[in-house]
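Student: Please find one structure pasted underneath; my questions will follow.
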Amino acid sequence: MKITSVAFLGLSVLCATNCSIGQLKQNSADSRQISITVARLLEQAHYSRQKLDDATAKKILDTYLEDLDYTKLFFTQEDIDEIYKKYGPTLDQDLTVGNVQPAREIYNLFKTRVTDRVAKIKELLKQDYSFKSTKTVALDRHKDPWPANAAEADNLWRDRVEGELLQEKLNKLALEPGPKLIEKRYDQLVKNLAERDDNDVLQLFLNAAAQTYDPHSEYLGKSDLESFEINMRLSLTGIGAELKSEDGYAKVERLISGGPAQISGKVSVGDRIAAVGQGKDAFADVVDMKIDKVVELIRGKKGTVVRLLVIPANTADPSKRKIVELVRDDVKLTEQEAKAELIEKDLPDGTAEKLGWITLPSFYQDMERSRTGKSTSRDVAALIKRLEHEGIQGLVIDLRHDGGGSLDEAIKMTGLFINQGPVVQVKDANGDVQVLKDQDPGVLYSGPLIVLTNRLSASASEIFAAALQDYGRAVIVGDSSTFGKGTVQTLLELGRFMPLLGGSSNDAGALKLTVQKFYRVAGGSTQLRGVISDVTLPSLSDNSEIGEVSLEHPLPYDEVEPAAIDLANNRKPLYVDDLRKRSTNRVNQDAAFQDITADMKILKDRLKTNRLSLNEKIRRDELDEDNDRKQKELTDEKKIDSQLQDKRYELTLADINKPQLKLLPKEALPVNKDAKASASPGTDDLIGDESGNTADADAIRRETLNIMGDLIDLQRSPRTAGR
């Protein structure tokens with residue numbers, strides 16, 4: 001794949017703990033060349049045109065240190081002062097000439113500090129704790145200062161270890177004693193740090209440099225570049241399995257439907273891989289190997305053979321092995337495709353209303369095969385045609401947790417709902433503004449339309465939602481605003497700027513660089529502010545810890561002149577004030593939303609205080625209160641559900657031409673596994689997954705359908721409508 005300047009938008013979703021297996025090359029590029037190229041591109045091609053001077057270098061050092069020690073517990077302020085004194089004055093020059101030795105030395109110091117600290121933690125784990133103290137421990141130390149010295153760090157760690165032991169004591173599902181579990185956890189941390197090679201350290205440092213320019217610029221090493229490409233095209237070449245690292249083994253976490261591993265019937269979830277062989281070559285031992293290195297060995301070209309030495313999941317004897325031979329093939333990642341539902345909603349007068357619901361996880365596009373490969377707009381168009389064939393009277397586009405993707409697909413998607421015209425404006429570093437238009441004069445769907453968003457709807461999602469809002473074409477429902485990412489990135493393969501690599505190699509990785517800002521056709525930017533909902537619903541994801549404003553180094557908000565748009569042939573009467581009033585009345589009387597509002601207050605208070613008690617009785621009382629609250633929420637939701645008789649039919653891209661759609665059981669809601677949005681440690685129990693089986697997801701979904709019913713009534717007959 002050769003990319004020079006493919007424009008896209010989105011929050012990155014890259015291979016981390018779990019990795020899908022596809023094709024990858026070994027890195028042979030020189031770290032010095034890579035560093036020089038990244039530094040030059042950041043200075044010359046980033047939207048800000050920010051010079052790599054002393055001030056910028058200091059920010060890079062800040063970012064790198066915080067990336068290494070996010071909780072600010074391993075380094076001390078004495079360490080930080082010494083690092084700045086030694087490396088700060090020359091870091092800009094070092095980057096410019098490709099000297100990344102400072103990054104290596106800082107990393108080695110961090111590794112030493114972690115190793116020393118873990119030895120002390122093990123001693124703390126041997127002590128007895130009464131858990132009766134009045135002390136508290138910070139939930140999130142990211143914004144706190146580093147401890148002044150080793151003595152202060154010792155005090156912080158003493159409380160932190162006590163907190164972790166109490167946490168495990170309160171855990172009803174603990175598989176082993178708390179001290180043993182915590183010791184394993186920190187041993188794994190030391191092991192992970194030791195496994196990082198020079199390429200990993202280079203990526204950490206150059207990524208810190210890129211993210212100092214803005215939160216969405218980043219350096220992608222060869223592995224992350226391949227993972228990015230996989231996410232964009234929703235396909236990979238490999239065996240169709242996801243692996244995770246567990247106890248030194250690469251363990252099969254998931255089998256992808258239709259992949260070689262699943263089709264063979266020889267691989268099971270829970271299998272552990274002990275060795276990998278290429279074709280008829282000898283096996284290479286992979287026990288205690290980094291997970292991404294194991295993935296590299298298993299990935300390969302379509303049609304080639306890979307052999308796995310596997311410890312079966314169902315064996316009690318870890319010495320038992322079996323050899324599995326698989327032929328690599330293309331694997332489609334269908335779980336991230338657009339999908340839909342047909343909903344038959346019973347009305348008070350005994351009639352039924354048919355509504356369509358399309359869930360869109362991302363704006364994906366196969367950039368290699370733009371005409372024949374995966375395309376969000378083509379997939380959504382196919383779903384809409386089938387829904388219209390079923391006779392829908394209204395359509396909801398669910399963009400919750402959709403982090404964005406292809407700019408081109410966002411424009412084409414908008415074109416499905418408006419006559420041709422401007423969709424978004426983009427401004428480059430020179431201040432030149434370009435209006436990007438939908439060129440298709442047709443409209444695929446012209447009926448009542450709602451776009452459902454939350455604080456994790458970002459970038460391409462925001463372009464789509466903003467354009468339909470500016471055209472008066474759709475009602476925006478959801479959190480008070482979307483994420484607030486108003487920037488455009490391009491992907492630059494570094495090999496094309498490094499003549500010694502021949503211009504075609506991805507060994508050097510790529511720089512995802514912010515080169516433009518985008519603006520609504522009305523002139524305002526979504527940067528920092530996001531898209532403001534027409535109708536706001538209470539939601540646990542609607543908090544200040546989520547969004548562009550919570551990130552480091554965001555670009556500022558600004559505006560451009562509005563673009564001329566054709567409102568006469570696009571705008572529909574949306575009756576936003578009426579919809580808002582009716583929804584507010586229902587929400588105020590809805591027990592489930594009352595529960596969500598109460599949870600929002602608790603979450604806000606916890607984020608504000610940012611402390612957790614080390615007293616066992618206080619913690620147990622808090623847990624009892626949480627359990628009572630959750631039980632009440634479940635009871636309230638079940639009571640509401642028992643009164644609903646809606647029928648729901650599943651519609652995937654594979655079902656487009658089937659004569660009958662599958663009737664879904666009442667309790668089955670679509671689940672987005674990647675949707676968890678945790679504001680800070682200790683709040684997971686409150687935030688949850690709003691697109692999954694949670695009470696708040698049910699309430700938001702139910703009220704969105706109610707709003708759609710109101711919109712249909714008002715557009716049909718505003719004088720007599722009444723629900």
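We label chains A, B, ... in the order they appear in the structure tokens, count residues from 1 in each chain, and number ligands from 1 in the order shown.
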What are the closest atom pairs, with distances in Å to one decimal, for all residues of segment 352-392 of chain A lying within 12 Å of segment 450-462 of chain A? Consider only C-alpha atoms, order rows by chain and residue number, and present the result as JSON lines.
Tutor:
```
{"residue": "A:Leu355", "atom": "CA", "partner": "A:Ile450", "partner_atom": "CA", "distance": 11.0}
{"residue": "A:Gly356", "atom": "CA", "partner": "A:Ile450", "partner_atom": "CA", "distance": 10.3}
{"residue": "A:Trp357", "atom": "CA", "partner": "A:Ile450", "partner_atom": "CA", "distance": 9.5}
{"residue": "A:Ile358", "atom": "CA", "partner": "A:Val451", "partner_atom": "CA", "distance": 9.7}
{"residue": "A:Thr359", "atom": "CA", "partner": "A:Leu452", "partner_atom": "CA", "distance": 9.5}
{"residue": "A:Leu360", "atom": "CA", "partner": "A:Ser461", "partner_atom": "CA", "distance": 9.3}
{"residue": "A:Pro361", "atom": "CA", "partner": "A:Ser457", "partner_atom": "CA", "distance": 9.5}
{"residue": "A:Ser362", "atom": "CA", "partner": "A:Ser461", "partner_atom": "CA", "distance": 8.0}
{"residue": "A:Phe363", "atom": "CA", "partner": "A:Ala460", "partner_atom": "CA", "distance": 6.9}
{"residue": "A:Tyr364", "atom": "CA", "partner": "A:Ala460", "partner_atom": "CA", "distance": 10.1}
{"residue": "A:Thr376", "atom": "CA", "partner": "A:Ala460", "partner_atom": "CA", "distance": 11.4}
```
Student: Enumerate, in order of chain and increasing residue number, the residues of segment 325-349 of chain A with an atom no farther than 12 Å from segment 256-268 of chain A, each with its shortest atom pair and distance in Å to one decimal, counting only C-alpha atoms, as a tab-separated table.
Tutor:
```
residue	atom	partner	partner_atom	distance
A:Glu325	CA	A:Lys266	CA	8.8
A:Leu326	CA	A:Pro260	CA	6.6
A:Val327	CA	A:Pro260	CA	6.8
A:Arg328	CA	A:Pro260	CA	6.7
A:Asp329	CA	A:Pro260	CA	6.7
A:Asp330	CA	A:Gly259	CA	7.6
A:Val331	CA	A:Gly259	CA	5.4
A:Lys332	CA	A:Gly258	CA	7.6
A:Leu333	CA	A:Ile256	CA	7.3
A:Thr334	CA	A:Ser257	CA	8.3
A:Glu335	CA	A:Ile256	CA	9.0
A:Gln336	CA	A:Ile256	CA	11.7
```
Student: Given only C-alpha atoms as the basis, pick out the residue of A:Asp408, A:Glu242, A:Asp116, A:Glu226 nearest to Gly509 of chain A.
Tutor: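 Going through A:Asp408, A:Glu242, A:Asp116, A:Glu226 one by one, the smallest distance to Gly509 of chain A is for A:Glu226.
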Student: Which polymer residues have any atom within 12 Å of an atom of Val97 of chain A, counting only C-alpha atoms, with same-chain residues fewer than 5 positions away left out, as a ChimeraX atom specification?
Tutor: /A:31-40,52,90-92
Student: Could you save those same residues with N, CA, C and O atoms as a tab-separated table (two decimals), in the first residue's frame?
Tutor:
```
chain	number	residue	atom	x	y	z
A	31	SER	N	16.96	4.43	12.74
A	31	SER	CA	16.25	5.31	13.66
A	31	SER	C	16.64	6.77	13.45
A	31	SER	O	15.82	7.67	13.62
A	32	ARG	N	17.89	7.01	13.08
A	32	ARG	CA	18.33	8.38	12.85
A	32	ARG	C	17.59	8.99	11.66
A	32	ARG	O	17.10	10.13	11.73
A	33	GLN	N	17.49	8.25	10.56
A	33	GLN	CA	16.77	8.75	9.38
A	33	GLN	C	15.30	9.01	9.71
A	33	GLN	O	14.72	10.02	9.30
A	34	ILE	N	14.71	8.09	10.45
A	34	ILE	CA	13.29	8.23	10.81
A	34	ILE	C	13.08	9.49	11.65
A	34	ILE	O	12.16	10.28	11.40
A	35	SER	N	13.94	9.69	12.64
A	35	SER	CA	13.81	10.84	13.53
A	35	SER	C	13.95	12.15	12.76
A	35	SER	O	13.16	13.09	12.95
A	36	ILE	N	14.94	12.23	11.87
A	36	ILE	CA	15.14	13.45	11.08
A	36	ILE	C	13.92	13.73	10.22
A	36	ILE	O	13.44	14.87	10.12
A	37	THR	N	13.38	12.68	9.59
A	37	THR	CA	12.23	12.84	8.69
A	37	THR	C	11.00	13.29	9.46
A	37	THR	O	10.26	14.19	9.03
A	38	VAL	N	10.75	12.69	10.62
A	38	VAL	CA	9.60	13.08	11.44
A	38	VAL	C	9.73	14.54	11.88
A	38	VAL	O	8.78	15.32	11.79
A	39	ALA	N	10.92	14.92	12.36
A	39	ALA	CA	11.13	16.30	12.81
A	39	ALA	C	10.89	17.29	11.68
A	39	ALA	O	10.26	18.34	11.87
A	40	ARG	N	11.41	16.98	10.49
A	40	ARG	CA	11.25	17.89	9.36
A	40	ARG	C	9.77	18.02	8.94
A	40	ARG	O	9.29	19.12	8.67
A	52	LEU	N	10.44	23.74	15.59
A	52	LEU	CA	11.00	22.85	16.59
A	52	LEU	C	12.09	23.60	17.35
A	52	LEU	O	13.28	23.43	17.14
A	90	THR	N	19.32	20.82	24.71
A	90	THR	CA	19.75	20.41	23.36
A	90	THR	C	18.77	19.48	22.67
A	90	THR	O	19.06	18.97	21.59
A	91	LEU	N	17.60	19.25	23.25
A	91	LEU	CA	16.69	18.25	22.68
A	91	LEU	C	16.22	18.64	21.29
A	91	LEU	O	16.06	17.78	20.41
A	92	ASP	N	15.97	19.94	21.05
A	92	ASP	CA	15.53	20.36	19.72
A	92	ASP	C	16.60	20.06	18.68
A	92	ASP	O	16.30	19.57	17.58
```
Student: Could you name the residues that touch segment 465-472 of chain A at 8 Å or less, counting only C-alpha atoms, but leaving out those on the same chain fewer than 4 positions away, as a ChimeraX atom specification?
Tutor: /A:414,417-418,423-424,451,461,476,520-522,531,565-567,570-574
Student: Dump all heavy atoms for the selected residues as a short mmCIF file (atom, residue, chain, number, x, y, z; two decimals), in the first residue's frame?
Tutor:
```
data_model
loop_
_atom_site.label_atom_id
_atom_site.label_comp_id
_atom_site.auth_asym_id
_atom_site.auth_seq_id
_atom_site.Cartn_x
_atom_site.Cartn_y
_atom_site.Cartn_z
N THR A 414 -23.33 11.98 3.73
CA THR A 414 -24.22 13.14 3.80
C THR A 414 -25.05 13.24 2.53
O THR A 414 -26.24 13.58 2.56
CB THR A 414 -23.41 14.43 4.01
OG1 THR A 414 -22.58 14.28 5.16
CG2 THR A 414 -24.32 15.64 4.18
N PHE A 417 -28.65 11.95 1.95
CA PHE A 417 -29.81 12.58 2.59
C PHE A 417 -30.07 14.01 2.12
O PHE A 417 -31.05 14.62 2.55
CB PHE A 417 -29.63 12.56 4.11
CG PHE A 417 -29.37 11.19 4.66
CD1 PHE A 417 -28.08 10.76 4.95
CD2 PHE A 417 -30.42 10.31 4.87
CE1 PHE A 417 -27.84 9.50 5.45
CE2 PHE A 417 -30.18 9.03 5.37
CZ PHE A 417 -28.90 8.62 5.66
N ILE A 418 -29.18 14.58 1.29
CA ILE A 418 -29.40 15.94 0.78
C ILE A 418 -29.21 15.95 -0.73
O ILE A 418 -28.57 15.07 -1.30
CB ILE A 418 -28.42 16.95 1.42
CG1 ILE A 418 -26.97 16.64 0.99
CG2 ILE A 418 -28.56 16.99 2.93
CD1 ILE A 418 -25.98 17.74 1.32
N VAL A 423 -20.80 20.24 1.81
CA VAL A 423 -20.95 19.41 2.99
C VAL A 423 -20.03 19.90 4.11
O VAL A 423 -20.42 19.95 5.27
CB VAL A 423 -20.65 17.93 2.67
CG1 VAL A 423 -20.63 17.09 3.94
CG2 VAL A 423 -21.68 17.39 1.68
N VAL A 424 -18.81 20.27 3.76
CA VAL A 424 -17.84 20.68 4.76
C VAL A 424 -16.82 21.61 4.11
O VAL A 424 -16.58 21.52 2.90
CB VAL A 424 -17.15 19.45 5.38
CG1 VAL A 424 -16.34 18.68 4.35
CG2 VAL A 424 -16.27 19.83 6.58
N VAL A 451 -30.22 11.78 13.98
CA VAL A 451 -28.84 11.34 14.16
C VAL A 451 -28.57 11.30 15.65
O VAL A 451 -28.66 12.33 16.34
CB VAL A 451 -27.84 12.26 13.44
CG1 VAL A 451 -26.41 11.81 13.72
CG2 VAL A 451 -28.11 12.29 11.94
N SER A 461 -17.92 11.69 12.06
CA SER A 461 -19.27 11.68 12.62
C SER A 461 -19.79 13.10 12.80
O SER A 461 -20.98 13.39 12.56
CB SER A 461 -19.28 10.97 13.98
OG SER A 461 -18.98 9.61 13.85
N ILE A 476 -30.65 16.27 15.73
CA ILE A 476 -29.52 15.69 16.44
C ILE A 476 -29.95 15.43 17.89
O ILE A 476 -30.37 16.35 18.59
CB ILE A 476 -28.29 16.60 16.42
CG1 ILE A 476 -28.01 17.10 14.99
CG2 ILE A 476 -27.08 15.88 17.00
CD1 ILE A 476 -27.77 16.01 13.98
N ARG A 520 -18.02 23.73 9.50
CA ARG A 520 -19.38 23.48 9.03
C ARG A 520 -19.69 24.39 7.85
O ARG A 520 -19.05 25.42 7.66
CB ARG A 520 -20.37 23.75 10.17
CG ARG A 520 -20.10 22.94 11.41
CD ARG A 520 -20.93 23.42 12.58
NE ARG A 520 -22.36 23.20 12.37
CZ ARG A 520 -23.17 22.68 13.27
NH1 ARG A 520 -22.70 22.30 14.44
NH2 ARG A 520 -24.45 22.53 13.02
N VAL A 521 -20.69 24.01 7.08
CA VAL A 521 -21.09 24.89 5.97
C VAL A 521 -21.63 26.21 6.50
O VAL A 521 -21.59 27.23 5.81
CB VAL A 521 -22.14 24.19 5.06
CG1 VAL A 521 -21.50 23.06 4.30
CG2 VAL A 521 -23.34 23.70 5.86
N ALA A 522 -22.08 26.21 7.76
CA ALA A 522 -22.56 27.45 8.38
C ALA A 522 -21.41 28.35 8.84
O ALA A 522 -21.64 29.47 9.27
CB ALA A 522 -23.47 27.14 9.57
N VAL A 531 -20.68 19.20 18.00
CA VAL A 531 -22.02 19.47 17.45
C VAL A 531 -22.99 19.45 18.61
O VAL A 531 -23.12 18.46 19.33
CB VAL A 531 -22.42 18.41 16.40
CG1 VAL A 531 -23.82 18.69 15.86
CG2 VAL A 531 -21.40 18.37 15.26
N ILE A 565 -25.66 27.34 0.66
CA ILE A 565 -26.30 26.04 0.55
C ILE A 565 -27.76 26.21 0.14
O ILE A 565 -28.36 27.26 0.34
CB ILE A 565 -26.23 25.25 1.87
CG1 ILE A 565 -26.93 26.01 3.01
CG2 ILE A 565 -24.78 24.96 2.24
CD1 ILE A 565 -26.96 25.23 4.32
N ASP A 566 -28.31 25.15 -0.44
CA ASP A 566 -29.69 25.16 -0.95
C ASP A 566 -30.62 24.62 0.13
O ASP A 566 -30.83 23.42 0.24
CB ASP A 566 -29.76 24.30 -2.22
CG ASP A 566 -31.17 24.26 -2.82
OD1 ASP A 566 -32.04 25.00 -2.31
OD2 ASP A 566 -31.38 23.50 -3.77
N LEU A 567 -31.16 25.54 0.94
CA LEU A 567 -32.06 25.11 2.00
C LEU A 567 -33.44 24.76 1.47
O LEU A 567 -34.11 23.87 1.99
CB LEU A 567 -32.19 26.20 3.07
CG LEU A 567 -30.94 26.45 3.93
CD1 LEU A 567 -31.21 27.60 4.90
CD2 LEU A 567 -30.56 25.20 4.69
N ASN A 570 -33.88 21.14 0.61
CA ASN A 570 -33.37 20.17 1.56
C ASN A 570 -34.05 20.24 2.92
O ASN A 570 -34.34 19.22 3.53
CB ASN A 570 -31.86 20.38 1.76
CG ASN A 570 -31.05 19.90 0.57
OD1 ASN A 570 -30.91 18.71 0.35
ND2 ASN A 570 -30.51 20.84 -0.21
N ARG A 571 -34.29 21.45 3.40
CA ARG A 571 -34.80 21.61 4.76
C ARG A 571 -36.18 20.96 4.92
O ARG A 571 -37.06 21.11 4.08
CB ARG A 571 -34.89 23.09 5.12
CG ARG A 571 -35.33 23.34 6.57
CD ARG A 571 -35.44 24.83 6.86
NE ARG A 571 -34.14 25.47 6.89
CZ ARG A 571 -33.34 25.49 7.94
NH1 ARG A 571 -33.71 24.87 9.05
NH2 ARG A 571 -32.19 26.10 7.90
N LYS A 572 -36.33 20.25 6.02
CA LYS A 572 -37.60 19.67 6.41
C LYS A 572 -38.06 20.36 7.70
O LYS A 572 -37.22 20.77 8.51
CB LYS A 572 -37.46 18.17 6.67
CG LYS A 572 -36.91 17.38 5.49
CD LYS A 572 -37.93 17.21 4.40
CE LYS A 572 -37.36 16.35 3.27
NZ LYS A 572 -38.33 16.18 2.17
N PRO A 573 -39.38 20.50 7.91
CA PRO A 573 -39.83 21.06 9.18
C PRO A 573 -39.49 20.09 10.32
O PRO A 573 -39.95 18.95 10.33
CB PRO A 573 -41.35 21.20 9.00
CG PRO A 573 -41.69 20.23 7.91
CD PRO A 573 -40.50 20.16 7.01
N LEU A 574 -38.65 20.54 11.26
CA LEU A 574 -38.16 19.64 12.30
C LEU A 574 -38.82 19.88 13.66
O LEU A 574 -38.70 19.04 14.55
CB LEU A 574 -36.64 19.80 12.45
CG LEU A 574 -35.82 19.39 11.21
CD1 LEU A 574 -34.33 19.59 11.47
CD2 LEU A 574 -36.09 17.94 10.83
#
```
Student: Find the residues around Gln77 of chain A up to 12 Å (only C-alpha atoms counted), leave out those fewer than 4 positions away in its own chain, and share them as a list of chain:residue names.
Tutor: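 With the cut-off at 12 Å, the set is A:Leu65, A:Lys72, A:Leu73, A:Asp81, A:Glu82, A:Ile83, A:Tyr84, A:Asp144, A:Pro145, A:Trp146, A:Pro147, A:Ala148, A:Asn149, A:Ala150, A:Ala151, A:Glu152, A:Ala153.
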Student: In Å to one decimal, how far is atom CA of Gln420 of chain A from atom CA of Leu383 of chain A?
Tutor: 21.1 Å
Student: So that I can see what lies close to Gly394 of chain A, please list as an MDAnalysis selection string the residues with an atom at most 7 Å from it, counting only C-alpha atoms and leaving out residues fewer than 3 positions away in the same chain.
Tutor: chainID A and resid 355:356 447:449 708 712
Student: Per DSSP on the backbone, filter segment 571-621 of chain A down to the residues in strand (DSSP E) and report them as a PyMOL selection string.
Tutor: chain A and resi 611-615
Student: According to DSSP computed on the backbone, where in segment 333-513 of chain A is there helix (DSSP H, G or I)? Give the residues as a count of residues only.
Tutor: 44
Student: Of the candidates A:Ile707, A:Leu612, A:Ala381, A:His389, which shows the shortest atom-to-atom distance to Leu139 of chain A, using only C-alpha atoms?
Tutor: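 Among A:Ile707, A:Leu612, A:Ala381, A:His389, it is A:Leu612 that comes nearest to Leu139 of chain A.
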